[in-house]
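Here the structure is laid out as structure tokens; the discussion comes afterwards.
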Amino acid sequence: MFYNGAMALDRDLSVAVANALASRAGPRSWAAWEMLAATGVRALRVLNESGLFSSVLLTEANPSAYRVLEANVARFGPERARALLRNARSPPPDAPFDFIDLDPYGSPAPFVSSCFDSARIPSVLAVTATDLRVLAGADPTACERRYGARPLRGRLAPEGGLRILLGWLARQARSRGVGLRPLLAYVGGHYLRAYVELFDEAADRDFFVSTVDPRDFTGPSIGGTTPVGPLWTSALVDPAFVDLLEVPRSAARPREAARLLELLQGEARVEAMFFFEANELAREEALASPPRVDEMIRRLSERGWPTARTHVRAGGFRTTAPRAEVAKVAREVAEPASRTRPEAG
Ligand SMILES: C[S@@+](CC[C@H](N)C(=O)[O-])C[C@H]1O[C@@H](n2cnc3c(N)ncnc32)[C@H](O)[C@@H]1O
């Protein structure tokens, strides 16, 4: 889904996440690091608008951005915020941190070692990727090289990219003996963002990373005949955590933030990989017109399949129902007379 002012909205969500973490963590105050700070607006907003951080370190390698960062940080005093002109690819002396934000132009890959090496266990990482071209399938070779995964193509590719990103982060954690679970992971217009929790003693039961074979997959049609991934196959969000999220009073985009939270909270109830779309169902089932999404959600829910709209694409819906059941309901919802081909038999 594309949002105007995507970055302002994204920072609104950073504040919402920090508020939720603060309410969940109680009085403990966190040491944070914004690895790629630019002018510092993201971490300084969180510092100013939530009670989560006791101190923030902000690093920036570009001298002209750093000059602005230094001036912005000065308003908070050295106890609360500190700026360093520094390459974030190596851990700073203040490590470890309870919260690390990694918000690059492009891929987080070059910074991931420094990020993990600087994380206290437990801690929370916030990771952005804007290399959607790679993660969402336009350059599969680069995806293999960068993330060790084969991407999806087509309409489900952005969610596929998010799941590849999470799977890759989970593998990075696992190689350090650390477990990872997503608190909140979502597809923005032109970027992916994941808030993940790191915890000690990674156990196999927490590692939901594997390849997905389109020939065996019973959810929405993912296309092709060769396995995609490895990718994160479990929930993108923690429902209990997402329920704590509220639009911050200081939100720059309150209406869009409220809509996104509403979608994420509804979707959190549906643990299913990928989503269906009315147009796609109409095409696959040769229906004259797409089935109404509200009606699809109502009927599937009535039959006991958790189903909700997805934030990833307007008109898309996520359901635990298998493809055959969704297709059956789509045929029922569409007017029988409007079918473009007669039923077999
Ligand atoms: C996408 S911007 C960060 C935006 C910021 N987090 C925000 O929300 O406004 C990425 C920043 O990382 C900086 N950067 C790039 N490579 C870096 C490195 N190796 N170490 C530190 N900063 C770096 C760039 O100069 C740029 O300002």
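If you're wondering about the labels, chains in the structure tokens are A, B, ... by order shown, residues count from 1 in each chain, ligands from 1 in order shown.
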
When you look at A:Val56 with a cut-off of 7 Å (counting only C-alpha atoms), what residues show up, excluding the ones that are within fewer than 3 positions of it in the same chain? I need them as a PDB file with C-alpha atoms, in the first residue's frame.
```pdb
ATOM      1  CA  ALA A  31      19.969   2.635  25.811  1.00  0.00           C
ATOM      2  CA  ALA A  32      19.439   3.058  22.072  1.00  0.00           C
ATOM      3  CA  TRP A  33      21.570   3.430  18.965  1.00  0.00           C
ATOM      4  CA  PHE A  53      14.902   5.611  25.922  1.00  0.00           C
ATOM      5  CA  ARG A  80      20.234  11.921  26.852  1.00  0.00           C
ATOM      6  CA  ALA A  81      21.578  12.182  23.289  1.00  0.00           C
ATOM      7  CA  ARG A  82      25.028  12.010  21.760  1.00  0.00           C
TER       8      ARG A  82
END
```

Exercise for the section: Could you tell me, as a PyMOL selection string, which residues of stretch 157-245 of chain A DSSP assigns to strand (DSSP E or B) when given the backbone? Expected result: chain A and resi 179-187+192-199+209-212+228-232+237

Exercise for the section: For ligand 1, collect every residue having any atom at a distance of at most 8 Å from a ligand atom (counting only C-alpha atoms and all ligand atoms); output as a list of chain:residue names. Expected result: A:Met7, A:Arg11, A:Glu34, A:Met35, A:Leu36, A:Ala37, A:Ala38, A:Thr39, A:Gly40, A:Val41, A:Arg42, A:Ala43, A:Thr59, A:Glu60, A:Ala61, A:Asn62, A:Ala65, A:Leu85, A:Arg86, A:Asn87, A:Ala88, A:Arg89, A:Asp101, A:Leu102, A:Asp103, A:Pro104, A:Tyr105, A:Gly106, A:Phe111

Problem - Long-range neighbours of stretch 325-335 of chain A as number ranges by chain, 10 Å cut-off, only C-alpha atoms, 4 positions minimum in chain - result: A: 218-220, 276, 278, 281-282, 284-293, 295-297, 299-300, 305, 319-321, 339

Write to file, as a PDB file, in the first residue's frame, the residues of the selection just made, with C-alpha atoms.
```pdb
ATOM      1  CA  THR A 218      -2.010 -24.453  -0.418  1.00  0.00           C
ATOM      2  CA  GLY A 219      -2.316 -20.693   0.130  1.00  0.00           C
ATOM      3  CA  PRO A 220      -2.529 -18.047  -2.630  1.00  0.00           C
ATOM      4  CA  PHE A 276      -5.616 -13.256  -1.957  1.00  0.00           C
ATOM      5  CA  ALA A 278     -10.395 -10.324  -5.808  1.00  0.00           C
ATOM      6  CA  LEU A 281      -9.499 -14.849  -7.977  1.00  0.00           C
ATOM      7  CA  ALA A 282     -11.744 -13.611 -10.771  1.00  0.00           C
ATOM      8  CA  GLU A 284      -8.179 -17.790 -11.871  1.00  0.00           C
ATOM      9  CA  GLU A 285     -11.823 -18.824 -11.561  1.00  0.00           C
ATOM     10  CA  ALA A 286     -12.918 -17.153 -14.817  1.00  0.00           C
ATOM     11  CA  LEU A 287     -15.478 -15.001 -13.020  1.00  0.00           C
ATOM     12  CA  ALA A 288     -16.996 -12.127 -14.962  1.00  0.00           C
ATOM     13  CA  SER A 289     -16.332  -9.730 -12.103  1.00  0.00           C
ATOM     14  CA  PRO A 290     -14.198  -9.837  -8.960  1.00  0.00           C
ATOM     15  CA  PRO A 291     -15.985 -11.100  -5.822  1.00  0.00           C
ATOM     16  CA  ARG A 292     -16.649  -8.410  -3.205  1.00  0.00           C
ATOM     17  CA  VAL A 293     -13.869  -8.497  -0.632  1.00  0.00           C
ATOM     18  CA  GLU A 295     -18.365 -10.559   1.351  1.00  0.00           C
ATOM     19  CA  MET A 296     -15.408 -12.928   0.970  1.00  0.00           C
ATOM     20  CA  ILE A 297     -14.182 -11.939   4.442  1.00  0.00           C
ATOM     21  CA  ARG A 299     -18.309 -15.783   4.424  1.00  0.00           C
ATOM     22  CA  LEU A 300     -14.844 -17.220   5.128  1.00  0.00           C
ATOM     23  CA  TRP A 305     -11.433 -19.355   8.776  1.00  0.00           C
ATOM     24  CA  THR A 319      -7.081 -15.956   5.315  1.00  0.00           C
ATOM     25  CA  THR A 320      -6.178 -19.272   6.875  1.00  0.00           C
ATOM     26  CA  ALA A 321      -8.504 -20.985   4.386  1.00  0.00           C
ATOM     27  CA  ARG A 339     -19.628 -16.583 -14.968  1.00  0.00           C
TER      28      ARG A 339
END
```

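Across A:Ser301, A:Ser54, A:Ser64, A:Ser14, the tightest approach to A:Pro78 is made by A:Ser54 when counting only C-alpha atoms.
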
Practice task
Could you give me, as a ChimeraX atom specification, the residues within 10 Å of A:Ala257, counting only C-alpha atoms and dropping anything in the same chain fewer than 2 positions from it?
Solution key: /A:3,8-13,16,246-248,251-255,259-263

Give me the residues of stretch 183-294 of chain A that have any atom at most 12 Å from an atom of stretch 19-27 of chain A; for each, the nearest atom pair and the distance in Å, rounded to one decimal. Use only C-alpha atoms, sort by chain and number, and format it as a Markdown table.
```
| residue | atom | partner | partner_atom | distance |
| --- | --- | --- | --- | --- |
| A:Leu183 | CA | A:Leu21 | CA | 9.9 |
| A:Leu184 | CA | A:Ala20 | CA | 11.3 |
| A:Tyr195 | CA | A:Leu21 | CA | 10.9 |
| A:Val196 | CA | A:Leu21 | CA | 11.6 |
| A:Glu197 | CA | A:Leu21 | CA | 10.7 |
| A:Ala240 | CA | A:Arg24 | CA | 10.2 |
| A:Phe241 | CA | A:Ala20 | CA | 7.2 |
| A:Val242 | CA | A:Ala20 | CA | 8.3 |
| A:Asp243 | CA | A:Ala20 | CA | 8.8 |
| A:Leu244 | CA | A:Ala20 | CA | 5.4 |
| A:Leu245 | CA | A:Ala20 | CA | 5.6 |
| A:Glu246 | CA | A:Ala20 | CA | 7.8 |
| A:Val247 | CA | A:Asn19 | CA | 9.7 |
| A:Pro248 | CA | A:Asn19 | CA | 8.2 |
| A:Arg249 | CA | A:Asn19 | CA | 10.9 |
| A:Ser250 | CA | A:Asn19 | CA | 11.9 |
```

Requested write-out: C-alpha atoms of the selected residues, as a PDB file, in the first residue's frame:
```
ATOM      1  CA  LEU A 183       7.046  -7.895  16.918  1.00  0.00           C
ATOM      2  CA  LEU A 184       5.876  -5.994  13.871  1.00  0.00           C
ATOM      3  CA  TYR A 195      10.835  -4.665  14.504  1.00  0.00           C
ATOM      4  CA  VAL A 196      12.257  -7.874  15.905  1.00  0.00           C
ATOM      5  CA  GLU A 197      13.030  -9.071  19.374  1.00  0.00           C
ATOM      6  CA  ALA A 240      -0.405  -9.107  21.742  1.00  0.00           C
ATOM      7  CA  PHE A 241       2.219  -6.494  20.860  1.00  0.00           C
ATOM      8  CA  VAL A 242       0.269  -5.017  17.951  1.00  0.00           C
ATOM      9  CA  ASP A 243      -2.737  -4.594  20.262  1.00  0.00           C
ATOM     10  CA  LEU A 244      -0.625  -2.227  22.372  1.00  0.00           C
ATOM     11  CA  LEU A 245       0.047   0.088  19.429  1.00  0.00           C
ATOM     12  CA  GLU A 246      -1.775   3.419  19.459  1.00  0.00           C
ATOM     13  CA  VAL A 247      -1.522   6.457  17.214  1.00  0.00           C
ATOM     14  CA  PRO A 248       0.862   8.804  19.039  1.00  0.00           C
ATOM     15  CA  ARG A 249      -0.630  12.129  20.129  1.00  0.00           C
ATOM     16  CA  SER A 250       2.216  13.811  18.246  1.00  0.00           C
TER      17      SER A 250
END
```

Practice task
Go through A:Leu162, A:Ala235, A:Ala109, A:Leu125 one by one, measure the shortest atom-to-atom distance of each to A:Ala142 using only C-alpha atoms, and give the residue with the smallest value.
Solution key: A:Ala109

Handout entry: Which of stretch 46-197 of chain A fall in alpha helix (DSSP H), as JSON, numbers by chain
Key = {"A": [46, 47, 48, 49, 63, 64, 65, 66, 67, 68, 69, 70, 71, 72, 73, 74, 112, 113, 114, 115, 116, 117, 132, 133, 134, 135, 140, 141, 142, 143, 144, 145, 146, 147, 157, 158, 159, 160, 161, 162, 163, 164, 165, 166, 167, 168, 169, 170, 171, 172, 173, 174]}

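The space between atom CA of A:Arg150 and atom CA of A:Val228 spans 5.0 Å.
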
Practice task
Extract, using only C-alpha atoms, all DNA, RNA and protein residues at most 9 Å from A:Ala173, discarding same-chain residues fewer than 5 positions from it, and format them as a list in words.
Solution key: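 The neighbour list is Phe116, Trp168, Val178, Gly179, Leu180, Leu198 and Ala202 of chain A.
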
Would you export the selected residues with N, CA, C and O atoms as a short mmCIF file (atom, residue, chain, number, x, y, z; two decimals), in the first residue's frame, please?
```cif
data_model
loop_
_atom_site.label_atom_id
_atom_site.label_comp_id
_atom_site.auth_asym_id
_atom_site.auth_seq_id
_atom_site.Cartn_x
_atom_site.Cartn_y
_atom_site.Cartn_z
N PHE A 116 24.21 -6.63 15.05
CA PHE A 116 24.07 -7.78 15.97
C PHE A 116 25.16 -7.77 17.04
O PHE A 116 24.91 -8.12 18.18
N TRP A 168 16.33 -13.92 6.73
CA TRP A 168 17.77 -13.61 6.72
C TRP A 168 18.21 -13.11 8.10
O TRP A 168 19.24 -13.53 8.64
N VAL A 178 21.45 -16.87 18.88
CA VAL A 178 20.41 -15.99 19.42
C VAL A 178 19.10 -16.28 18.69
O VAL A 178 19.10 -16.59 17.50
N GLY A 179 17.98 -16.19 19.41
CA GLY A 179 16.67 -16.36 18.79
C GLY A 179 16.09 -15.02 18.36
O GLY A 179 16.49 -13.97 18.89
N LEU A 180 15.16 -15.06 17.41
CA LEU A 180 14.55 -13.83 16.90
C LEU A 180 13.07 -14.06 16.67
O LEU A 180 12.68 -15.13 16.17
N LEU A 198 15.25 -9.89 19.95
CA LEU A 198 16.30 -10.92 20.07
C LEU A 198 16.23 -11.52 21.46
O LEU A 198 16.05 -10.79 22.44
N ALA A 202 18.50 -19.65 21.41
CA ALA A 202 17.69 -19.97 20.24
C ALA A 202 17.32 -21.45 20.26
O ALA A 202 18.18 -22.30 20.44
#
```

Exercise for the section: Write out as a list in words which residues come within 9 Å of A:Phe274 when counting only C-alpha atoms, dropping same-chain ones fewer than 4 positions away. Expected result: Leu156, Glu159, Gly160, Gly219, Pro220, Ser221, Ile222, Phe317, Arg318 and Thr319 of chain A

Go ahead and dump the residues you just picked, C-alpha atoms, as a compact mmCIF listing (two decimals), in the first residue's frame.
```txt
# COMPACT_ATOMS: atom_id res chain seq x y z
CA LEU A 156 3.16 -11.25 -3.75
CA GLU A 159 5.54 -9.67 1.15
CA GLY A 160 7.96 -12.32 -0.12
CA GLY A 219 -2.32 -20.69 0.13
CA PRO A 220 -2.53 -18.05 -2.63
CA SER A 221 -0.88 -18.99 -5.87
CA ILE A 222 2.77 -17.89 -5.64
CA PHE A 317 -7.23 -10.20 2.16
CA ARG A 318 -5.39 -12.74 4.24
CA THR A 319 -7.08 -15.96 5.32
```

Handout entry: Selected residue of minimal separation from A:Asp131 among A:Leu44, A:Ala71, A:Leu192, A:Ala95, counting only C-alpha atoms
Key = A:Leu192

Problem - Two-atom distance - atom CA of A:Asp216, atom CA of A:Arg133 (Å) - result: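 The value is 26.5 Å.
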
Handout entry: Near-A:Ala119 list (7 Å; only C-alpha atoms; drop same-chain fewer than 4 positions) as a ChimeraX atom specification
Key = /A:96-98,115,123

Selection export as a JSON list (two decimals), in the first residue's frame, atoms kept: N, CA and C atoms:
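Result went into result34.json, see below:
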```json
[["chain", "number", "residue", "atom", "x", "y", "z"],
["A", 96, "PRO", "N", 26.91, -2.60, 24.65],
["A", 96, "PRO", "CA", 25.70, -3.00, 23.92],
["A", 96, "PRO", "C", 24.51, -2.07, 24.19],
["A", 97, "PHE", "N", 23.50, -2.22, 23.29],
["A", 97, "PHE", "CA", 22.29, -1.39, 23.37],
["A", 97, "PHE", "C", 21.05, -2.28, 23.53],
["A", 98, "ASP", "N", 20.01, -1.66, 24.08],
["A", 98, "ASP", "CA", 18.74, -2.38, 24.24],
["A", 98, "ASP", "C", 17.87, -2.24, 22.99],
["A", 115, "CYS", "N", 25.43, -4.35, 13.80],
["A", 115, "CYS", "CA", 24.15, -4.27, 14.51],
["A", 115, "CYS", "C", 24.03, -5.41, 15.52],
["A", 123, "SER", "N", 17.04, -7.74, 23.35],
["A", 123, "SER", "CA", 16.95, -6.36, 22.84],
["A", 123, "SER", "C", 15.98, -6.35, 21.67]]
```

Exercise for the section: Work out how far atom CA of A:Ala308 is from atom CA of A:Gly266, in Å to one decimal. Expected result: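 Distance between the two atoms: 5.9 Å.
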